[in-house]
Amino acid sequence: MEKKRKQEDRSINSIIHDYLMGTLSSEDQQRLEYWLESSLKNRKKFESLLKKKDFIKRYGQYAEVDEERAWRRFQKRNFSIRSLYRQNIMRYAAFFILPIVGALMLLKLYDVIHHNSDNSLEIYASMPRSNMMGKQKAALILPNGEKVTLNAEFNHTDIQKVESRSTSTSVHQIDDKKENTEIKGESVEEKNNKLQTFPDSEYWLTLEDGTIVHLNYNTTLKYPTHFNSLDRTVYLEGEAYFQVAEEKKRSFRVVTSNGVITEYGTSFNVNTNTSTGTEVVLVKGSISVTTNTGKEQMLRPGELAILNKQLPKAEIMPVDVNMYVSWNSGRFVFEHSSLEKLMKTISCWYGMKVIFQSDDIRKMYFTGDIDRYDSITPVLKAIQNATGLEIEMIGKNIILREPSIK
C-alpha cells in the first residue's frame with residue numbers, strides 16, 4: 001500500500017512539473033484538477049510547493065522563451081490562405097503560436113490560489129508568464145491623491161496596506177441609507193480607489209470580499225476599500241474579467257457608461273472598448289444587465305449582451321465564449337478579424353507602432369490563435385508566413401508591405 005501511495009505521489013509530482021513547463025496534456029490537466037479538488041490536504045500541498053524558493057529557482061531556468069523553437073513548432077502546423085474578391089482583395093489566414101512556458105515568480109499565483117480556489121489552471125499558469133514578460137503593473141491612485149505603482153511583487157495584503165495609508169479612509173464607508181450613485185452631492189465614484197493599467201500591461205486584483213478582477217490593458221477600475229452592507233459596486237472603463245465571490249446578501253455591480261451589470265455569484269467578462277457599446281459575456285452563473293434607460297434583463301451562460309446608451313434594451317445573443325475571454329487565460333483569439341484590428345492589439349500589447357504600406361493590407365482578414373505571452377518575433381513571422389507579406393521591425397516600428405517583385 002505504501003509503495004502504491006509513493007508511486008501516485010511521484011505521478012502527481014510529475015504532472016505538476018509538466019503543468020509548470022506548459023506541456024501538460026488535457027488528460028493530465030483533468031487529473032491535476034481532480035487531485036486538487038479531492039481534498040484540502042492536496043491543495044495545501046500544492047500551495048506549499050509553489051511557495052518554496054528552491055522550487056522556483058530550480059524551474060526558473062525553463063522560463064526563457066526560445067524563439068527559434070517556437071518558430072520551428074509553428075512551421076509544423078498547417079494553415080491556409082484563401083482570397084475573396086469584392087471591391088478589394090480580402091485574404092483569410094489561420095495561424096497558431098504554441099505556448100512555450102516555464103515557472104517564474106509565483107508570488108501572485110499563490111495569492112490568487114489562496115483567495116479563490118475556483119480559478120482554472122489555465123489562469124494560474126497565465127500569472128507567472130505575465131510576470132515573466134513584465135506585464136503585471138498598474139497605477140493605484142488613492143482618494144487622497146497618492147499614487148503608487150504596483151507590480152507582480154504586490155500581493156493582496158500589500159495592496160491593503162497601501163490603501164490604508166490614505167488619509168481619506170472614512171470616505172469609503174458609504175452610508176447605507178444613501179443612494180450608491182451620490183453622497184452629499186459628490187459622486188461615490190470619486191471617493192473610490194482608482195486602479196489603472198498601462199497600454200502594455202495587465203493586472204490581477206483581489207477585492208476586499210475575495211472577488212478577483214483581471215484588468216486588461218488600458219483599463220480603469222474604481223472600487224472602495226470597504227464595500228457597504230447593501231451591495232458591492234465598482235466602476236469600469238476598459239476590459240476586465242470578474243470572478244465574483246459569492247454572497248447571498250450583497251449582489252455585485254459593475255457600472256459602465258452604457259449601463260449596469262449585476263451578478264449573483266458568477267464569472268463574466270465586461271468590455272467597454274468596442275464600437276457598439278459595452279459587451280458583457282457570461283461564462284458561468286447568473287447575471288443581469290440594465291441599460292441606462294431600460295429594464296433589467298437576465299443572461300444565461302454562453303450569451304453576449306451589448307449595452308448601448310442610445311437603446312432602451314440590451315441586444316442579447318448566444319456566442320462562442322472563448323472568443324471573448326481567451327485573453328484572461330493567456331491567448332489572443334481572432335475570428336474573421338481584420339489585419340488592422342489584429343495589429344492594433346499587437347501594437348498596444350508590445351508597445352509598437354504599426355505602419356501599413358496600403359489600405360489593401362489593412363483589409364486582410366484572419367482567424368487564428370496567438371500566445372499572448374510569447375515574444376513578438378515568432379508572432380510576426382507567423383503573420384508574414386501566412387499572408388506572404390513582408391514584415392520588417394525597425395526600432396519600435398512594424399512595417400507591413402506587399403512582397404517585392406524580383
# chains A, B, ... in the order shown; residues from 1 in each chain; ligands from 1
>>> select_by_dssp(residues="segment 314-362 of chain A", states="alpha helix (DSSP H)", output="PyMOL selection string")
chain A and resi 322-325+339-350+359-362
>>> atom_distance(atom1="atom CA of Thr377 of chain A", atom2="atom CA of Trp349 of chain A")
13.4 Å
>>> atom_distance(atom1="atom CA of Thr387 of chain A", atom2="atom CA of Lys353 of chain A")
19.5 Å
>>> residues_around(residues="Glu237 of chain A", least_positions_apart="5", cutoff="9 Å", atoms="only C-alpha atoms", output="PDB file with all heavy atoms, in the first residue's frame")
ATOM      1  N   ASN A 218      -4.971  49.174 -20.760  1.00  0.00           N
ATOM      2  CA  ASN A 218      -5.746  50.415 -20.927  1.00  0.00           C
ATOM      3  C   ASN A 218      -7.100  50.353 -20.226  1.00  0.00           C
ATOM      4  O   ASN A 218      -8.139  50.693 -20.812  1.00  0.00           O
ATOM      5  CB  ASN A 218      -5.966  50.723 -22.415  1.00  0.00           C
ATOM      6  CG  ASN A 218      -4.836  51.539 -23.009  1.00  0.00           C
ATOM      7  OD1 ASN A 218      -4.102  52.205 -22.291  1.00  0.00           O
ATOM      8  ND2 ASN A 218      -4.678  51.477 -24.318  1.00  0.00           N
ATOM      9  N   THR A 219      -7.109  49.906 -19.001  1.00  0.00           N
ATOM     10  CA  THR A 219      -8.356  49.730 -18.263  1.00  0.00           C
ATOM     11  C   THR A 219      -8.293  50.457 -16.921  1.00  0.00           C
ATOM     12  O   THR A 219      -7.249  50.498 -16.278  1.00  0.00           O
ATOM     13  CB  THR A 219      -8.635  48.233 -18.028  1.00  0.00           C
ATOM     14  OG1 THR A 219      -8.859  47.598 -19.295  1.00  0.00           O
ATOM     15  CG2 THR A 219      -9.850  48.014 -17.149  1.00  0.00           C
ATOM     16  N   THR A 220      -9.411  51.029 -16.529  1.00  0.00           N
ATOM     17  CA  THR A 220      -9.512  51.710 -15.237  1.00  0.00           C
ATOM     18  C   THR A 220     -10.637  51.087 -14.414  1.00  0.00           C
ATOM     19  O   THR A 220     -11.764  50.939 -14.906  1.00  0.00           O
ATOM     20  CB  THR A 220      -9.806  53.218 -15.416  1.00  0.00           C
ATOM     21  OG1 THR A 220      -8.718  53.825 -16.117  1.00  0.00           O
ATOM     22  CG2 THR A 220      -9.968  53.896 -14.074  1.00  0.00           C
ATOM     23  N   LEU A 221     -10.332  50.723 -13.185  1.00  0.00           N
ATOM     24  CA  LEU A 221     -11.324  50.178 -12.261  1.00  0.00           C
ATOM     25  C   LEU A 221     -11.357  51.064 -11.023  1.00  0.00           C
ATOM     26  O   LEU A 221     -10.325  51.321 -10.403  1.00  0.00           O
ATOM     27  CB  LEU A 221     -10.970  48.749 -11.855  1.00  0.00           C
ATOM     28  CG  LEU A 221     -11.971  48.083 -10.896  1.00  0.00           C
ATOM     29  CD1 LEU A 221     -13.227  47.669 -11.662  1.00  0.00           C
ATOM     30  CD2 LEU A 221     -11.353  46.875 -10.200  1.00  0.00           C
ATOM     31  N   LYS A 222     -12.537  51.541 -10.665  1.00  0.00           N
ATOM     32  CA  LYS A 222     -12.716  52.321  -9.444  1.00  0.00           C
ATOM     33  C   LYS A 222     -13.490  51.466  -8.446  1.00  0.00           C
ATOM     34  O   LYS A 222     -14.540  50.914  -8.784  1.00  0.00           O
ATOM     35  CB  LYS A 222     -13.472  53.612  -9.750  1.00  0.00           C
ATOM     36  CG  LYS A 222     -12.712  54.546 -10.699  1.00  0.00           C
ATOM     37  CD  LYS A 222     -13.509  55.793 -11.024  1.00  0.00           C
ATOM     38  CE  LYS A 222     -12.741  56.671 -12.017  1.00  0.00           C
ATOM     39  NZ  LYS A 222     -13.524  57.883 -12.387  1.00  0.00           N
ATOM     40  N   VAL A 255     -20.582  49.097 -12.894  1.00  0.00           N
ATOM     41  CA  VAL A 255     -21.194  50.255 -13.541  1.00  0.00           C
ATOM     42  C   VAL A 255     -20.305  50.707 -14.699  1.00  0.00           C
ATOM     43  O   VAL A 255     -19.100  50.914 -14.523  1.00  0.00           O
ATOM     44  CB  VAL A 255     -21.376  51.408 -12.540  1.00  0.00           C
ATOM     45  CG1 VAL A 255     -22.011  52.621 -13.235  1.00  0.00           C
ATOM     46  CG2 VAL A 255     -22.236  50.973 -11.362  1.00  0.00           C
ATOM     47  N   THR A 256     -20.892  50.838 -15.897  1.00  0.00           N
ATOM     48  CA  THR A 256     -20.189  51.338 -17.069  1.00  0.00           C
ATOM     49  C   THR A 256     -20.964  52.528 -17.629  1.00  0.00           C
ATOM     50  O   THR A 256     -22.081  52.823 -17.187  1.00  0.00           O
ATOM     51  CB  THR A 256     -20.052  50.262 -18.166  1.00  0.00           C
ATOM     52  OG1 THR A 256     -21.331  50.075 -18.805  1.00  0.00           O
ATOM     53  CG2 THR A 256     -19.579  48.935 -17.587  1.00  0.00           C
ATOM     54  N   SER A 257     -20.409  53.185 -18.610  1.00  0.00           N
ATOM     55  CA  SER A 257     -21.071  54.357 -19.195  1.00  0.00           C
ATOM     56  C   SER A 257     -22.348  53.979 -19.937  1.00  0.00           C
ATOM     57  O   SER A 257     -23.214  54.827 -20.174  1.00  0.00           O
ATOM     58  CB  SER A 257     -20.117  55.089 -20.144  1.00  0.00           C
ATOM     59  OG  SER A 257     -19.719  54.232 -21.209  1.00  0.00           O
ATOM     60  N   ASN A 271     -16.426  44.480 -21.430  1.00  0.00           N
ATOM     61  CA  ASN A 271     -15.534  45.247 -22.295  1.00  0.00           C
ATOM     62  C   ASN A 271     -16.260  46.494 -22.793  1.00  0.00           C
ATOM     63  O   ASN A 271     -17.247  46.406 -23.517  1.00  0.00           O
ATOM     64  CB  ASN A 271     -15.079  44.394 -23.485  1.00  0.00           C
ATOM     65  CG  ASN A 271     -14.046  45.094 -24.351  1.00  0.00           C
ATOM     66  OD1 ASN A 271     -13.575  46.182 -24.013  1.00  0.00           O
ATOM     67  ND2 ASN A 271     -13.691  44.490 -25.472  1.00  0.00           N
ATOM     68  N   THR A 272     -15.751  47.673 -22.395  1.00  0.00           N
ATOM     69  CA  THR A 272     -16.351  48.933 -22.861  1.00  0.00           C
ATOM     70  C   THR A 272     -15.618  49.488 -24.079  1.00  0.00           C
ATOM     71  O   THR A 272     -16.049  50.487 -24.651  1.00  0.00           O
ATOM     72  CB  THR A 272     -16.331  49.998 -21.747  1.00  0.00           C
ATOM     73  OG1 THR A 272     -14.986  50.414 -21.492  1.00  0.00           O
ATOM     74  CG2 THR A 272     -16.941  49.456 -20.463  1.00  0.00           C
ATOM     75  N   ASN A 273     -14.505  48.839 -24.468  1.00  0.00           N
ATOM     76  CA  ASN A 273     -13.697  49.327 -25.594  1.00  0.00           C
ATOM     77  C   ASN A 273     -14.174  48.762 -26.927  1.00  0.00           C
ATOM     78  O   ASN A 273     -13.418  48.148 -27.669  1.00  0.00           O
ATOM     79  CB  ASN A 273     -12.224  48.962 -25.385  1.00  0.00           C
ATOM     80  CG  ASN A 273     -11.607  49.698 -24.222  1.00  0.00           C
ATOM     81  OD1 ASN A 273     -12.012  50.801 -23.896  1.00  0.00           O
ATOM     82  ND2 ASN A 273     -10.626  49.075 -23.586  1.00  0.00           N
TER      83      ASN A 273
END
>>> atom_distance(atom1="atom CA of Ile287 of chain A", atom2="atom CA of Gly330 of chain A")
24.5 Å
>>> residues_around(residues="Ser338 of chain A", least_positions_apart="4", cutoff="7 Å", atoms="only C-alpha atoms", output="NGL selection string")
:A and (342 or 362-366)
>>> write_last_selection(atoms="all heavy atoms", output="PDB file, in the first residue's frame")
ATOM      1  N   LEU A 342      -6.155  43.230 -35.717  1.00  0.00           N
ATOM      2  CA  LEU A 342      -5.153  42.346 -35.136  1.00  0.00           C
ATOM      3  C   LEU A 342      -3.884  43.114 -34.780  1.00  0.00           C
ATOM      4  O   LEU A 342      -3.348  43.004 -33.671  1.00  0.00           O
ATOM      5  CB  LEU A 342      -4.824  41.217 -36.118  1.00  0.00           C
ATOM      6  CG  LEU A 342      -3.579  40.377 -35.837  1.00  0.00           C
ATOM      7  CD1 LEU A 342      -3.719  39.628 -34.525  1.00  0.00           C
ATOM      8  CD2 LEU A 342      -3.320  39.408 -36.974  1.00  0.00           C
ATOM      9  N   ARG A 362      -4.548  46.463 -44.785  1.00  0.00           N
ATOM     10  CA  ARG A 362      -5.405  46.633 -43.609  1.00  0.00           C
ATOM     11  C   ARG A 362      -6.634  45.736 -43.676  1.00  0.00           C
ATOM     12  O   ARG A 362      -7.152  45.293 -42.651  1.00  0.00           O
ATOM     13  CB  ARG A 362      -5.883  48.088 -43.510  1.00  0.00           C
ATOM     14  CG  ARG A 362      -4.798  49.115 -43.263  1.00  0.00           C
ATOM     15  CD  ARG A 362      -5.406  50.514 -43.307  1.00  0.00           C
ATOM     16  NE  ARG A 362      -4.407  51.558 -43.194  1.00  0.00           N
ATOM     17  CZ  ARG A 362      -3.993  52.081 -42.038  1.00  0.00           C
ATOM     18  NH1 ARG A 362      -4.529  51.649 -40.909  1.00  0.00           N
ATOM     19  NH2 ARG A 362      -3.084  53.027 -42.007  1.00  0.00           N
ATOM     20  N   LYS A 363      -7.114  45.455 -44.911  1.00  0.00           N
ATOM     21  CA  LYS A 363      -8.379  44.752 -45.084  1.00  0.00           C
ATOM     22  C   LYS A 363      -8.234  43.237 -45.163  1.00  0.00           C
ATOM     23  O   LYS A 363      -9.211  42.541 -45.452  1.00  0.00           O
ATOM     24  CB  LYS A 363      -9.083  45.275 -46.337  1.00  0.00           C
ATOM     25  CG  LYS A 363      -9.469  46.751 -46.208  1.00  0.00           C
ATOM     26  CD  LYS A 363     -10.027  47.304 -47.498  1.00  0.00           C
ATOM     27  CE  LYS A 363     -10.343  48.788 -47.358  1.00  0.00           C
ATOM     28  NZ  LYS A 363     -10.841  49.366 -48.642  1.00  0.00           N
ATOM     29  N   MET A 364      -7.043  42.712 -44.957  1.00  0.00           N
ATOM     30  CA  MET A 364      -6.889  41.266 -44.874  1.00  0.00           C
ATOM     31  C   MET A 364      -7.606  40.765 -43.620  1.00  0.00           C
ATOM     32  O   MET A 364      -7.632  41.454 -42.603  1.00  0.00           O
ATOM     33  CB  MET A 364      -5.415  40.886 -44.793  1.00  0.00           C
ATOM     34  CG  MET A 364      -4.616  41.200 -46.029  1.00  0.00           C
ATOM     35  SD  MET A 364      -2.889  40.726 -45.810  1.00  0.00           S
ATOM     36  CE  MET A 364      -2.225  41.197 -47.392  1.00  0.00           C
ATOM     37  N   TYR A 365      -8.181  39.575 -43.712  1.00  0.00           N
ATOM     38  CA  TYR A 365      -8.931  39.017 -42.582  1.00  0.00           C
ATOM     39  C   TYR A 365      -8.319  37.707 -42.109  1.00  0.00           C
ATOM     40  O   TYR A 365      -7.847  36.908 -42.912  1.00  0.00           O
ATOM     41  CB  TYR A 365     -10.404  38.819 -42.952  1.00  0.00           C
ATOM     42  CG  TYR A 365     -11.198  40.098 -42.869  1.00  0.00           C
ATOM     43  CD1 TYR A 365     -11.076  41.072 -43.853  1.00  0.00           C
ATOM     44  CD2 TYR A 365     -12.047  40.347 -41.808  1.00  0.00           C
ATOM     45  CE1 TYR A 365     -11.775  42.266 -43.777  1.00  0.00           C
ATOM     46  CE2 TYR A 365     -12.755  41.533 -41.719  1.00  0.00           C
ATOM     47  CZ  TYR A 365     -12.619  42.482 -42.708  1.00  0.00           C
ATOM     48  OH  TYR A 365     -13.313  43.669 -42.629  1.00  0.00           O
ATOM     49  N   PHE A 366      -8.372  37.501 -40.781  1.00  0.00           N
ATOM     50  CA  PHE A 366      -7.725  36.343 -40.170  1.00  0.00           C
ATOM     51  C   PHE A 366      -8.637  35.595 -39.210  1.00  0.00           C
ATOM     52  O   PHE A 366      -9.519  36.176 -38.586  1.00  0.00           O
ATOM     53  CB  PHE A 366      -6.499  36.781 -39.372  1.00  0.00           C
ATOM     54  CG  PHE A 366      -5.351  37.247 -40.225  1.00  0.00           C
ATOM     55  CD1 PHE A 366      -5.278  38.560 -40.652  1.00  0.00           C
ATOM     56  CD2 PHE A 366      -4.353  36.368 -40.597  1.00  0.00           C
ATOM     57  CE1 PHE A 366      -4.231  39.000 -41.434  1.00  0.00           C
ATOM     58  CE2 PHE A 366      -3.306  36.798 -41.386  1.00  0.00           C
ATOM     59  CZ  PHE A 366      -3.242  38.110 -41.798  1.00  0.00           C
TER      60      PHE A 366
END
>>> closest_atom_pairs(of="segment 202-244 of chain A", to="segment 145-166 of chain A", cutoff="8 Å", atoms="only C-alpha atoms", output="tab-separated table")
residue	atom	partner	partner_atom	distance
A:Leu205	CA	A:His156	CA	7.4
A:Thr206	CA	A:His156	CA	6.0
A:Thr225	CA	A:Glu163	CA	6.9
>>> write_last_selection(atoms="N, CA and C atoms", output="compact mmCIF listing (two decimals), in the first residue's frame")
# COMPACT_ATOMS: atom_id res chain seq x y z
N LEU A 205 -6.32 41.82 -9.49
CA LEU A 205 -6.60 42.47 -8.21
C LEU A 205 -7.61 41.65 -7.42
N THR A 206 -7.33 41.44 -6.13
CA THR A 206 -8.29 40.79 -5.25
C THR A 206 -8.95 41.85 -4.39
N THR A 225 -12.31 50.67 -0.74
CA THR A 225 -11.52 49.78 0.11
C THR A 225 -12.44 48.84 0.87
